[in-house]
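All remarks here apply to the structure that follows.
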Amino acid sequence: MIDVNVLLGAYPWRAISGTEPEEVTAVMDRLGIESAWASHLPSLYWKDPAEGNPWLYEVCARSRRFQAVPAIHPGLPHWEEDLREAVTHQAVAVRADPGLLGLAPLGQPMLQLVEALAAHGMPLLAAVRLEDGRGRHPLDVAPELAPWAVRGWLRHSPGLRVVVTHADRGFIEEVHFGSTPTESARVWWDISWVWGPPEDHLAHLLATLGPSRFLFGSGQPLRLAETPLARLDLLSLDPADRALIQTGNATALASRRVPR
């Protein structure tokens, strides 16, 4: 099983446990998660999030259980160097959250980044949110990602592939059904924020969009890694479909192949 949504390092807004790589690895061992796509959590709130990438690369070099998702700020002068570094380190994706970066989602810097990522065959990873708005610190005023932004990225760069984390059913449906079939085939969704029973949002989305569009993602340690796993356990999924969600789709994305 591959978790595409893991955050390492301290959270700036409150003290939480389980943020160190060794602690996250212990959770992975307990749940049978073989590897994880990892982001450096504190640097997402820094003026230049790429300053946390060296630490992330070092962690991933020490433990092959983690695959780096470095953060890039395309509004800064050296962002092209940061992207080249990500390619050199064989990052599975590049992270850019426009709300946290203070950038317009469809402004020139973000569009330049999606063009460059498409040229390199590197997926863009972005989160709708990192935690429920009701629990956010009053100083945490970064806007959430909007569906129109994801649709705009897909339309601007025909070769771009996008991984969106922390999206709910409404967000996913607005992007999927508001895009052309070719566009919607280039975006994948983690299941960390999709509700299971009794609403059965996950079952509905799997029936309407298909399992090839979804990835196992937890959002740990800000969210419990057991929750998305329990949602899958409560479904009567074909083993092949579950394997796509838990491993197959992420493996294909990381190897630069387009999953079918």
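Starting from 1 in every chain, residues are counted up; chains themselves are A, B, ... following the order of the structure tokens, and ligands are numbered from 1 as listed.
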
Helix (DSSP H, G or I) residues, from DSSP on the backbone, in segment 27-239 of chain A, as number ranges by chain: A: 27-31, 42-45, 49-62, 79-88, 98-101, 108-120, 133-135, 147-156, 169-177, 181-184, 201-209, 211-213, 226-233, 239

Within 12 Å of Val141 of chain A using only C-alpha atoms, minus same-chain residues under 6 positions, as a PDB file with C-alpha atoms, in the first residue's frame:
```pdb
ATOM      1  CA  TRP A  13      -0.354  26.178  14.549  1.00  0.00           C
ATOM      2  CA  TYR A  45       4.189  27.992   5.745  1.00  0.00           C
ATOM      3  CA  GLY A  99      -3.240  29.642  -1.116  1.00  0.00           C
ATOM      4  CA  LEU A 100      -0.317  29.007   1.219  1.00  0.00           C
ATOM      5  CA  LEU A 101       2.102  30.588  -1.257  1.00  0.00           C
ATOM      6  CA  GLY A 102       0.028  33.761  -1.582  1.00  0.00           C
ATOM      7  CA  ARG A 129      -7.056  22.254   2.695  1.00  0.00           C
ATOM      8  CA  GLY A 133     -11.771  25.287   8.825  1.00  0.00           C
TER       9      GLY A 133
END
```

For Val24 of chain A: contacts at 8 Å, only C-alpha atoms, fewer than 6 positions along chain excluded, given as a ChimeraX atom specification: /A:8,18,220-221

Neighbour list for Phe214 of chain A as a list in words, cut-off 6 Å, only C-alpha atoms, skip fewer than 6 positions in-chain: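 Here the answer would be Trp188, Trp189, Asp190 and Ile245 of chain A.
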
DSSP-assigned strand (DSSP E or B) among segment 39-100 of chain A, expressed as an MDAnalysis selection string: chainID A and resid 39:40 66:68 71 94:95

Dump of N, CA and C atoms for the selected residues, as a PDB file, in the first residue's frame:
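Saved the output as out18.pdb:
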```pdb
ATOM      1  N   SER A  39       5.755  15.139   2.264  1.00  0.00           N
ATOM      2  CA  SER A  39       6.014  16.576   2.170  1.00  0.00           C
ATOM      3  C   SER A  39       6.565  17.059   3.508  1.00  0.00           C
ATOM      4  N   HIS A  40       7.320  18.154   3.480  1.00  0.00           N
ATOM      5  CA  HIS A  40       7.856  18.762   4.700  1.00  0.00           C
ATOM      6  C   HIS A  40       6.844  19.788   5.197  1.00  0.00           C
ATOM      7  N   PHE A  66      10.101   6.457   2.222  1.00  0.00           N
ATOM      8  CA  PHE A  66       9.557   7.768   1.878  1.00  0.00           C
ATOM      9  C   PHE A  66      10.031   8.187   0.489  1.00  0.00           C
ATOM     10  N   GLN A  67       9.102   8.756  -0.284  1.00  0.00           N
ATOM     11  CA  GLN A  67       9.411   9.336  -1.585  1.00  0.00           C
ATOM     12  C   GLN A  67       9.094  10.824  -1.517  1.00  0.00           C
ATOM     13  N   ALA A  68      10.033  11.634  -1.962  1.00  0.00           N
ATOM     14  CA  ALA A  68       9.948  13.078  -1.752  1.00  0.00           C
ATOM     15  C   ALA A  68       8.914  13.750  -2.646  1.00  0.00           C
ATOM     16  N   ALA A  71       8.456  21.023  -2.210  1.00  0.00           N
ATOM     17  CA  ALA A  71       7.608  22.198  -2.444  1.00  0.00           C
ATOM     18  C   ALA A  71       8.374  23.240  -3.248  1.00  0.00           C
ATOM     19  N   VAL A  94       5.752  17.337  -7.449  1.00  0.00           N
ATOM     20  CA  VAL A  94       6.139  18.631  -6.885  1.00  0.00           C
ATOM     21  C   VAL A  94       4.902  19.255  -6.269  1.00  0.00           C
ATOM     22  N   ARG A  95       5.083  19.797  -5.082  1.00  0.00           N
ATOM     23  CA  ARG A  95       3.968  20.396  -4.359  1.00  0.00           C
ATOM     24  C   ARG A  95       3.965  21.909  -4.533  1.00  0.00           C
TER      25      ARG A  95
END
```

Distance of atom CA of Leu124 of chain A from atom CA of Arg65 of chain A, expressed in Å to one decimal place: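 Going from atom CA of Arg65 of chain A over to atom CA of Leu124 of chain A covers 20.7 Å.
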